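Engineer: Contents of start.csv (CSV, C-alpha atoms) are given next:
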chain,number,residue,atom,x,y,z
A,77,MET,CA,-10.2,40.3,10.3
A,78,ASP,CA,-10.4,43.8,11.6
A,79,GLY,CA,-7.9,45.3,9.3
A,80,TRP,CA,-5.8,42.1,8.4
A,81,TYR,CA,-6.2,39.4,5.8
A,82,VAL,CA,-4.4,36.6,4.1
A,83,ASP,CA,-4.4,37.0,0.3
A,84,ASP,CA,-4.9,34.2,-2.3
A,85,ARG,CA,-1.1,33.9,-3.0
A,86,CYS,CA,-0.7,31.9,0.2
A,87,THR,CA,1.0,28.5,-0.5
A,88,ASN,CA,0.4,27.0,2.9
A,89,CYS,CA,4.1,26.8,3.6
A,90,ASP,CA,3.6,27.1,7.4
A,91,VAL,CA,6.2,29.9,7.8
A,92,ALA,CA,3.8,32.5,9.3
A,93,ARG,CA,2.2,29.9,11.6
A,94,GLN,CA,5.6,29.1,13.1
A,95,PHE,CA,6.0,32.7,14.3
A,96,ALA,CA,2.4,33.3,15.5
A,97,PRO,CA,0.6,30.0,15.9
A,98,GLU,CA,-1.9,31.5,18.3
A,99,LEU,CA,-2.9,34.2,15.8
A,100,ILE,CA,-2.6,32.4,12.4
A,101,GLY,CA,-4.0,29.0,11.7
A,102,GLU,CA,-4.5,26.6,8.8
A,103,VAL,CA,-8.1,26.6,7.4
A,104,ASP,CA,-8.9,24.7,4.2
A,105,GLY,CA,-5.3,24.4,3.2
A,106,LYS,CA,-4.4,28.0,3.6
A,107,SER,CA,-3.3,30.3,6.5
A,108,ARG,CA,-6.0,32.4,8.0
A,109,ILE,CA,-6.0,35.1,10.7
A,110,LEU,CA,-7.6,33.6,13.8
A,111,ARG,CA,-7.6,36.7,15.9
A,112,LEU,CA,-5.9,40.0,16.4
A,113,PRO,CA,-2.9,40.5,18.8
A,114,ALA,CA,-3.9,41.0,22.4
A,115,ASP,CA,-0.7,42.8,23.5
A,116,ASP,CA,2.7,44.1,22.2
A,117,ALA,CA,4.3,40.7,22.4
A,118,GLU,CA,1.7,39.2,20.1
A,119,ASN,CA,1.9,42.2,17.8
A,120,ARG,CA,5.6,41.5,17.4
A,121,ARG,CA,5.0,37.9,16.6
A,122,LEU,CA,2.3,38.9,14.0
A,123,HIS,CA,4.8,41.2,12.3
A,124,ALA,CA,7.5,38.5,12.4
A,125,ALA,CA,5.0,36.3,10.5
A,126,VAL,CA,4.3,39.2,8.1
A,127,PHE,CA,8.0,39.8,7.2
A,128,ALA,CA,8.9,36.1,7.0
A,129,CYS,CA,6.0,35.1,4.7
A,130,PRO,CA,7.6,34.4,1.3
A,131,THR,CA,4.6,35.6,-0.7
A,132,ARG,CA,3.8,38.6,1.5
A,133,SER,CA,0.3,37.2,1.8
A,134,ILE,CA,-0.4,38.5,5.4
A,135,ARG,CA,-1.4,42.1,4.8
A,136,PRO,CA,-3.1,45.0,6.5
A,137,VAL,CA,-6.0,46.4,4.5
A,138,THR,CA,-4.1,49.7,4.4
A,139,GLY,CA,-1.8,47.9,1.9
A,140,ARG,CA,1.7,47.7,3.5
A,141,ALA,CA,2.9,46.7,6.9
A,142,ASP,CA,4.8,49.1,9.1
A,143,GLN,CA,8.5,48.5,8.1
A,144,ALA,CA,9.6,49.7,11.5
A,145,LEU,CA,8.1,46.5,12.9
A,146,ASP,CA,10.3,44.2,10.8
A,147,PRO,CA,12.2,42.3,13.5
A,148,PHE,CA,14.7,40.4,11.3
A,149,PRO,CA,17.3,39.1,11.8
A,150,LEU,CA,15.6,37.8,15.0
A,151,ALA,CA,17.6,36.2,17.8
A,152,LEU,CA,16.5,32.6,18.7
A,153,ASP,CA,19.1,32.6,21.5
A,154,GLY,CA,22.5,34.0,22.0
A,155,GLY,CA,24.1,32.0,19.2
A,156,VAL,CA,21.6,31.9,16.3
A,157,LEU,CA,19.4,34.4,14.5
A,158,ILE,CA,16.7,33.6,12.0
A,159,CYS,CA,16.9,35.7,8.9
A,160,GLY,CA,13.2,36.0,8.0
A,161,HIS,CA,12.3,37.3,4.5
A,162,ASN,CA,11.9,33.8,3.2
A,163,SER,CA,12.3,33.5,-0.6
A,164,THR,CA,9.8,31.9,-3.0
A,165,HIS,CA,12.9,30.8,-5.0
A,166,ASN,CA,14.0,28.7,-2.1
A,167,ALA,CA,10.5,27.1,-1.7
A,168,GLY,CA,9.9,29.5,1.2
A,169,ALA,CA,12.6,28.0,3.4
A,170,ASN,CA,13.9,29.4,6.6
A,171,SER,CA,17.5,30.6,6.8
A,172,TYR,CA,19.8,31.3,9.8
A,173,LEU,CA,22.8,33.2,11.0
A,174,LEU,CA,25.2,31.2,13.2
A,175,LEU,CA,27.3,33.5,15.4
A,176,ARG,CA,30.8,32.5,16.1
A,177,PRO,CA,33.1,33.3,19.1
A,178,SER,CA,35.4,35.2,16.8
A,179,GLY,CA,32.7,37.8,16.1
A,180,THR,CA,32.0,36.4,12.6
A,181,ALA,CA,28.9,34.6,11.4
A,182,MET,CA,27.9,31.9,9.0
A,183,MET,CA,24.7,32.0,7.0
A,184,ILE,CA,22.8,28.7,6.6
A,185,ASP,CA,20.7,28.7,3.4
A,186,THR,CA,19.5,32.1,2.3
A,187,PRO,CA,16.6,34.5,2.5
A,188,ARG,CA,15.4,36.5,-0.5
A,189,TRP,CA,18.1,38.6,-2.1
A,190,SER,CA,18.3,42.2,-1.2
A,191,ARG,CA,21.3,44.4,-0.7
A,192,GLU,CA,19.6,46.2,2.2
A,193,LEU,CA,19.0,42.9,3.9
A,194,ALA,CA,22.5,41.7,3.2
A,195,ASP,CA,23.9,44.8,4.9
A,196,ARG,CA,21.5,44.2,7.8
A,197,TYR,CA,22.7,40.7,8.3
A,198,THR,CA,26.4,41.7,8.4
A,199,ALA,CA,25.6,44.0,11.3
A,200,SER,CA,25.5,40.8,13.4
A,201,GLY,CA,29.1,39.9,12.3
A,202,THR,CA,31.2,39.5,9.1
A,203,VAL,CA,29.7,36.5,7.3
A,204,THR,CA,32.5,34.2,6.3
A,205,ASP,CA,30.6,31.3,4.9
A,206,VAL,CA,27.2,30.5,3.2
A,207,LEU,CA,26.3,26.9,3.9
A,208,LEU,CA,23.7,25.3,1.7
A,209,THR,CA,21.9,22.3,3.0
A,210,HIS,CA,20.7,21.1,-0.4
A,211,ARG,CA,19.6,22.0,-3.9
A,212,ASP,CA,16.1,23.3,-3.0
A,213,HIS,CA,17.7,26.2,-1.0
A,214,ALA,CA,20.5,27.1,-3.3
A,215,ALA,CA,18.9,30.3,-4.8
A,216,HIS,CA,20.7,33.5,-3.9
A,217,GLY,CA,23.6,31.6,-2.4
A,218,ARG,CA,26.1,33.1,-4.9
A,219,ARG,CA,24.8,36.6,-4.6
A,220,TYR,CA,25.0,36.6,-0.8
A,221,ALA,CA,28.4,34.9,-0.8
A,222,ASP,CA,29.8,37.5,-3.3
A,223,HIS,CA,28.3,40.4,-1.3
A,224,PHE,CA,29.8,39.1,1.9
A,225,GLY,CA,33.1,38.0,0.3
A,226,ALA,CA,32.2,34.6,1.8
A,227,ARG,CA,32.8,31.0,0.7
A,228,LEU,CA,29.8,29.1,-0.7
A,229,TRP,CA,29.4,25.5,0.3
A,230,ILE,CA,27.3,22.6,-1.2
A,231,HIS,CA,27.5,18.8,-1.4
A,232,GLU,CA,28.7,17.2,-4.6
A,233,GLY,CA,25.4,15.4,-4.9
A,234,ASP,CA,23.6,18.7,-5.5
A,235,LEU,CA,26.5,20.5,-7.2
A,236,ASP,CA,24.5,21.2,-10.3
A,237,ALA,CA,22.3,23.6,-8.3
A,238,ALA,CA,25.4,25.7,-7.3
A,239,PRO,CA,28.1,24.7,-9.8
A,240,ASP,CA,30.2,27.8,-8.9
A,241,ALA,CA,30.4,26.8,-5.2
A,242,ASP,CA,33.7,27.6,-3.6
A,243,GLN,CA,33.8,24.5,-1.3
A,244,VAL,CA,32.4,21.1,-2.4
A,245,ILE,CA,31.5,18.6,0.4
A,246,ARG,CA,32.3,15.1,-0.9
A,247,GLY,CA,31.4,11.6,0.2
A,248,ARG,CA,29.4,10.6,3.3
A,249,ASP,CA,31.8,11.1,6.2
A,250,PRO,CA,31.3,14.0,8.6
A,251,LEU,CA,33.7,16.8,8.2
A,252,GLU,CA,34.7,19.7,10.5
A,253,ILE,CA,34.5,22.7,8.3
A,254,ALA,CA,35.3,25.3,11.0
A,255,GLU,CA,36.0,25.2,14.7
A,256,GLY,CA,32.9,23.7,16.4
A,257,VAL,CA,31.0,23.3,13.1
A,258,THR,CA,30.6,19.9,11.4
A,259,VAL,CA,28.8,18.9,8.2
A,260,HIS,CA,27.1,15.5,8.1
A,261,PRO,CA,26.1,14.3,4.6
A,262,LEU,CA,22.6,13.0,4.8
A,263,PRO,CA,21.3,11.9,1.4
A,264,GLY,CA,17.6,11.2,1.2
A,265,HIS,CA,15.5,14.3,0.7
A,266,THR,CA,17.9,15.0,-2.2
A,267,ARG,CA,21.1,13.2,-3.3
A,268,GLY,CA,23.2,16.0,-1.8
A,269,SER,CA,21.3,16.8,1.4
A,270,VAL,CA,23.5,17.6,4.4
A,271,LEU,CA,23.0,19.0,7.9
A,272,TYR,CA,25.3,21.2,9.9
A,273,VAL,CA,25.8,20.8,13.7
A,274,ALA,CA,27.5,23.6,15.7
A,275,ASP,CA,28.9,23.4,19.2
A,276,ASP,CA,26.8,20.3,20.1
A,277,ARG,CA,24.0,22.8,20.4
A,278,TYR,CA,22.5,23.7,17.0
A,279,CYS,CA,21.4,21.3,14.2
A,280,PHE,CA,20.6,23.0,10.9
A,281,SER,CA,18.7,20.1,9.4
A,282,GLY,CA,17.7,21.5,6.0
A,283,ASP,CA,14.7,19.4,4.8
A,284,SER,CA,16.0,16.1,6.3
A,285,PHE,CA,13.8,16.4,9.5
A,286,TYR,CA,11.9,19.0,11.4
A,287,TRP,CA,9.8,19.6,14.5
A,288,SER,CA,6.1,19.0,13.9
A,289,ARG,CA,3.5,20.9,16.0
A,290,THR,CA,0.9,18.4,14.9
A,291,THR,CA,2.7,15.3,16.3
A,292,GLY,CA,4.8,17.1,19.0
A,293,ASP,CA,7.9,15.3,17.8
A,294,LEU,CA,10.7,15.1,15.2
A,295,GLU,CA,9.4,14.1,11.7
A,296,VAL,CA,10.7,13.5,8.2
A,297,ALA,CA,8.9,15.0,5.2
A,298,GLU,CA,8.0,11.5,3.9
A,299,SER,CA,5.5,12.9,1.4
A,300,VAL,CA,8.0,15.3,-0.1
A,301,THR,CA,11.2,13.3,-0.7
A,302,TRP,CA,12.8,13.9,-4.1
A,303,TYR,CA,15.6,11.3,-3.9
A,304,SER,CA,14.9,8.3,-1.7
A,305,ILE,CA,13.1,7.7,1.6
A,306,GLU,CA,15.0,4.4,2.1
A,307,GLU,CA,18.3,6.3,1.6
A,308,LEU,CA,17.2,8.8,4.2
A,309,ALA,CA,16.5,6.0,6.6
A,310,ASP,CA,20.0,4.6,6.0
A,311,SER,CA,21.5,8.0,6.4
A,312,LEU,CA,19.8,8.6,9.8
A,313,ALA,CA,20.8,5.1,11.0
A,314,ARG,CA,24.4,5.8,10.0
A,315,THR,CA,24.5,9.3,11.5
A,316,VAL,CA,22.3,9.3,14.6
A,317,GLY,CA,25.0,8.1,17.0
A,318,ARG,CA,27.2,10.9,16.0
A,319,LEU,CA,24.7,13.7,16.5
A,320,ARG,CA,24.3,15.7,19.7
A,321,PHE,CA,22.3,19.0,19.8
A,322,GLU,CA,19.6,20.9,21.6
A,323,TRP,CA,18.1,23.0,18.8
A,324,VAL,CA,16.6,21.5,15.6
A,325,LEU,CA,16.6,24.4,13.1
A,326,PRO,CA,15.1,23.1,9.8
A,327,GLY,CA,14.4,24.8,6.4
A,328,HIS,CA,10.8,23.7,6.5
A,329,GLY,CA,8.8,22.8,9.5
A,330,ASP,CA,9.0,24.2,13.0
A,331,ARG,CA,12.0,24.8,15.3
A,332,ARG,CA,12.4,23.3,18.8
A,333,ARG,CA,14.8,23.3,21.7
A,334,LEU,CA,15.1,20.4,24.1
A,335,PRO,CA,17.8,19.0,26.4
A,336,ALA,CA,20.4,17.2,24.3
A,337,ASP,CA,19.6,13.8,25.9
A,338,GLU,CA,15.9,14.2,25.1
A,339,MET,CA,16.6,15.4,21.6
A,340,SER,CA,18.8,12.4,21.1
A,341,ARG,CA,16.1,10.0,22.3
A,342,ARG,CA,13.6,11.5,19.9
A,343,LEU,CA,16.1,11.4,17.0
A,344,HIS,CA,16.6,7.7,17.7
A,345,GLY,CA,12.9,7.2,17.7
A,346,LEU,CA,12.6,9.1,14.4
A,347,THR,CA,15.3,6.8,12.9
A,348,GLU,CA,13.4,3.7,13.8
A,349,ARG,CA,10.1,5.1,12.4
A,350,THR,CA,11.8,6.1,9.2
A,351,ARG,CA,13.0,2.6,8.6
A,352,LEU,CA,9.4,1.5,8.2
A,353,LEU,CA,8.6,4.1,5.5
A,354,ARG,CA,8.3,3.2,1.8
A,355,PRO,CA,8.3,5.4,-1.3
A,356,ARG,CA,5.2,7.3,-2.0
A,357,PRO,CA,4.2,10.0,-4.6
A,358,VAL,CA,5.1,13.6,-3.7
A,359,ASP,CA,2.1,15.2,-1.9
A,360,PHE,CA,2.6,18.6,-0.3
A,361,THR,CA,-0.9,18.4,1.3
A,362,ALA,CA,0.1,15.4,3.4
A,363,LEU,CA,2.8,17.3,5.3
A,364,ARG,CA,2.2,17.3,9.1
A,365,TRP,CA,3.3,20.8,10.1
Do you think you could lay out the structure here as structure tokens?

Structural biologist:
Amino acid sequence: MDGWYVDDRCTNCDVARQFAPELIGEVDGKSRILRLPADDAENRRLHAAVFACPTRSIRPVTGRADQALDPFPLALDGGVLICGHNSTHNAGANSYLLLRPSGTAMMIDTPRWSRELADRYTASGTVTDVLLTHRDHAAHGRRYADHFGARLWIHEGDLDAAPDADQVIRGRDPLEIAEGVTVHPLPGHTRGSVLYVADDRYCFSGDSFYWSRTTGDLEVAESVTWYSIEELADSLARTVGRLRFEWVLPGHGDRRRLPADEMSRRLHGLTERTRLLRPRPVDFTALRW
């Protein structure tokens, strides 16, 4: 459309639509340009979509987007940045930088590996830890951790995906891994899935649950569960009373900020809905982004 197109490498991962839903939509199972930006703010959102897309499928007909318009890492609020530059080796998942009061930062899951990107991320603060939510997002973890001189974390249930992790989370009990940061094991999507909650404000939920623009609510990826949907239901029931946060920040699916009480109400509702789900074949086309 007027100088922009989406090429046939698009995997319908929804990443671009999260950044510019008014400009990019889903048509026949692929992202498509709906219209051009109407102002500078929309142009910035379009370029966020361009530089987040894991397959680089959103392209100008001139061949390459203006690198000066790459916004990443992009602040979501004063305490979290989204890394962009999603990696095909991590199934196109989002990753984040959690800023700490000490001036340091933690990386949750990882973007594609690039030394230039790694140096860009450290400009936000020395990265002390790389926190993996589960096996699907473990690619590049060791390279980023080594570049930062950081500790790499994963749960024992997914340890084979990062066998050289420095810190192994064990069991199912919550554990405070740094001041204000707690890991909650949440087996279900995979055996070793976890989520990280920081400052009663941010929940990095991996692929355990996400915000759906389709339903306007929290949802689980019931059609893409590698381990056990019943186990995920049990994990949510065991954990829901311990969780308090405003931001849901998933690997796949959209982000959302709500008052903590409202987010808690919706999480309890999700827990009850998940109890009713039963195993089904993996079907990526059934995801309700």

Engineer: Could you work out how far CA of Ile158 in chain A lies from CA of Gly139 in chain A, giving the answer in Å with one decimal?

Structural biologist: 25.5 Å

Engineer: Using all atoms listed in the file, which of the listed residues (A:Thr301, A:Ser178, A:Gln243, A:Gln143) sits closest to Val126 in chain A?

Structural biologist: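 Using all atoms listed in the file, the shortest distance to Val126 in chain A belongs to A:Gln143.
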
Engineer: Taking 3 positions as the minimum chain separation for residues in the same chain, which residues sit within 6 Å of Ala96 in chain A when counting only C-alpha atoms? Answer as a list in words.

Structural biologist: Arg93, Leu99, Ile100, Arg121 and Leu122 of chain A

Engineer: Can you measure CA of His161 in chain A to CA of Ala141 in chain A for me? One decimal in Å is fine.

Structural biologist: 13.5 Å

Engineer: For the atom pair CA of Pro250 in chain A and CA of Val273 in chain A, what is the interatomic distance in Å to one decimal place?

Structural biologist: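 These atoms are spaced 10.1 Å apart.
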
Engineer: Which one is closest to Arg320 in chain A: A:Tyr286, A:Tyr272, A:Trp302, A:Tyr172? Count all atoms listed in the file.

Structural biologist: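 With all atoms listed in the file as the atom set, the closest residue is A:Tyr272.
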
Engineer: For Leu334 in chain A, please output as a list in words all residues within 9 Å (counting all atoms listed in the file; exclusion window: fewer than 5 positions along the same chain).

Structural biologist: Phe321, Glu322, Trp323, Val324 and Met339 of chain A

Engineer: Could I get the residues of range 250-340 of chain A with an atom no further than 12 Å from an atom of range 184-193 of chain A, each paired with its nearest atom pair and that distance in Å to one decimal, using only C-alpha atoms, sorted by chain and residue number, as a Markdown table?

Structural biologist:
| residue | atom | partner | partner_atom | distance |
| --- | --- | --- | --- | --- |
| A:Val257 | CA | A:Ile184 | CA | 11.8 |
| A:Val259 | CA | A:Ile184 | CA | 11.6 |
| A:Val270 | CA | A:Ile184 | CA | 11.3 |
| A:Leu271 | CA | A:Ile184 | CA | 9.8 |
| A:Tyr272 | CA | A:Ile184 | CA | 8.6 |
| A:Val273 | CA | A:Ile184 | CA | 11.0 |
| A:Ala274 | CA | A:Ile184 | CA | 11.4 |
| A:Tyr278 | CA | A:Ile184 | CA | 11.5 |
| A:Cys279 | CA | A:Ile184 | CA | 10.7 |
| A:Phe280 | CA | A:Ile184 | CA | 7.5 |
| A:Ser281 | CA | A:Ile184 | CA | 9.9 |
| A:Gly282 | CA | A:Asp185 | CA | 8.2 |
| A:Asp283 | CA | A:Asp185 | CA | 11.2 |
| A:Leu325 | CA | A:Ile184 | CA | 10.0 |
| A:Pro326 | CA | A:Ile184 | CA | 10.0 |
| A:Gly327 | CA | A:Asp185 | CA | 8.0 |
| A:His328 | CA | A:Asp185 | CA | 11.5 |

Engineer: Could you give me range 320-331 of chain A completed to all heavy atoms, formatted as a short mmCIF file (atom, residue, chain, number, x, y, z; two decimals), in the frame of the given file?

Structural biologist:
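That gives us result07.cif:
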data_model
loop_
_atom_site.label_atom_id
_atom_site.label_comp_id
_atom_site.auth_asym_id
_atom_site.auth_seq_id
_atom_site.Cartn_x
_atom_site.Cartn_y
_atom_site.Cartn_z
N ARG A 320 24.69 15.23 18.37
CA ARG A 320 24.30 15.70 19.70
C ARG A 320 23.98 17.21 19.53
O ARG A 320 24.83 17.99 19.08
CB ARG A 320 25.35 15.49 20.74
CG ARG A 320 24.86 15.85 22.15
CD ARG A 320 25.79 15.33 23.22
NE ARG A 320 25.31 15.63 24.56
CZ ARG A 320 24.39 14.95 25.21
NH1 ARG A 320 23.86 13.88 24.64
NH2 ARG A 320 24.00 15.29 26.42
N PHE A 321 22.75 17.58 19.91
CA PHE A 321 22.30 19.00 19.80
C PHE A 321 21.12 19.23 20.62
O PHE A 321 20.44 18.28 21.06
CB PHE A 321 22.06 19.32 18.29
CG PHE A 321 21.00 18.47 17.64
CD1 PHE A 321 19.66 18.84 17.67
CD2 PHE A 321 21.35 17.29 16.99
CE1 PHE A 321 18.68 18.05 17.07
CE2 PHE A 321 20.38 16.50 16.38
CZ PHE A 321 19.04 16.87 16.43
N GLU A 322 20.83 20.51 20.85
CA GLU A 322 19.60 20.90 21.60
C GLU A 322 18.57 21.54 20.70
O GLU A 322 17.38 21.36 20.94
CB GLU A 322 20.04 21.96 22.67
CG GLU A 322 21.02 21.43 23.70
CD GLU A 322 21.49 22.52 24.64
OE1 GLU A 322 20.91 23.64 24.60
OE2 GLU A 322 22.44 22.28 25.41
N TRP A 323 19.01 22.28 19.70
CA TRP A 323 18.10 23.00 18.80
C TRP A 323 18.00 22.24 17.48
O TRP A 323 19.03 21.96 16.85
CB TRP A 323 18.60 24.38 18.49
CG TRP A 323 18.30 25.47 19.46
CD1 TRP A 323 19.10 25.92 20.47
CD2 TRP A 323 17.13 26.30 19.48
NE1 TRP A 323 18.50 26.97 21.12
CE2 TRP A 323 17.28 27.22 20.54
CE3 TRP A 323 15.96 26.33 18.71
CZ2 TRP A 323 16.32 28.17 20.85
CZ3 TRP A 323 15.00 27.28 19.01
CH2 TRP A 323 15.18 28.19 20.07
N VAL A 324 16.79 21.93 16.99
CA VAL A 324 16.60 21.50 15.60
C VAL A 324 16.11 22.76 14.85
O VAL A 324 15.11 23.39 15.24
CB VAL A 324 15.65 20.33 15.46
CG1 VAL A 324 14.27 20.61 16.04
CG2 VAL A 324 15.55 19.91 14.00
N LEU A 325 16.83 23.12 13.80
CA LEU A 325 16.60 24.40 13.10
C LEU A 325 16.46 23.99 11.58
O LEU A 325 17.43 24.00 10.82
CB LEU A 325 17.74 25.34 13.28
CG LEU A 325 17.94 25.76 14.74
CD1 LEU A 325 19.31 26.41 14.94
CD2 LEU A 325 16.84 26.70 15.18
N PRO A 326 15.26 23.63 11.13
CA PRO A 326 15.10 23.10 9.80
C PRO A 326 14.81 24.23 8.75
O PRO A 326 14.55 25.39 9.10
CB PRO A 326 13.83 22.24 9.92
CG PRO A 326 13.01 22.97 10.95
CD PRO A 326 14.02 23.56 11.92
N GLY A 327 14.86 23.84 7.48
CA GLY A 327 14.40 24.80 6.40
C GLY A 327 12.94 24.89 6.39
O GLY A 327 12.38 25.99 6.30
N HIS A 328 12.24 23.75 6.45
CA HIS A 328 10.80 23.70 6.50
C HIS A 328 10.34 22.98 7.74
O HIS A 328 10.98 22.03 8.17
CB HIS A 328 10.23 23.03 5.25
CG HIS A 328 10.58 23.72 3.97
ND1 HIS A 328 9.98 24.88 3.57
CD2 HIS A 328 11.49 23.41 3.02
CE1 HIS A 328 10.49 25.26 2.42
NE2 HIS A 328 11.42 24.39 2.06
N GLY A 329 9.22 23.38 8.28
CA GLY A 329 8.80 22.80 9.50
C GLY A 329 9.25 23.69 10.70
O GLY A 329 10.04 24.62 10.53
N ASP A 330 8.79 23.36 11.88
CA ASP A 330 9.00 24.20 13.00
C ASP A 330 10.38 23.93 13.69
O ASP A 330 11.02 22.90 13.45
CB ASP A 330 7.93 24.07 14.06
CG ASP A 330 7.56 25.40 14.71
OD1 ASP A 330 8.39 26.33 14.67
OD2 ASP A 330 6.44 25.51 15.25
N ARG A 331 10.79 24.88 14.52
CA ARG A 331 12.00 24.80 15.30
C ARG A 331 11.66 24.31 16.72
O ARG A 331 10.55 24.50 17.19
CB ARG A 331 12.69 26.16 15.40
CG ARG A 331 12.99 26.73 14.03
CD ARG A 331 13.28 28.22 14.07
NE ARG A 331 12.08 29.02 14.28
CZ ARG A 331 11.19 29.30 13.34
NH1 ARG A 331 11.32 28.83 12.12
NH2 ARG A 331 10.13 30.05 13.61
#
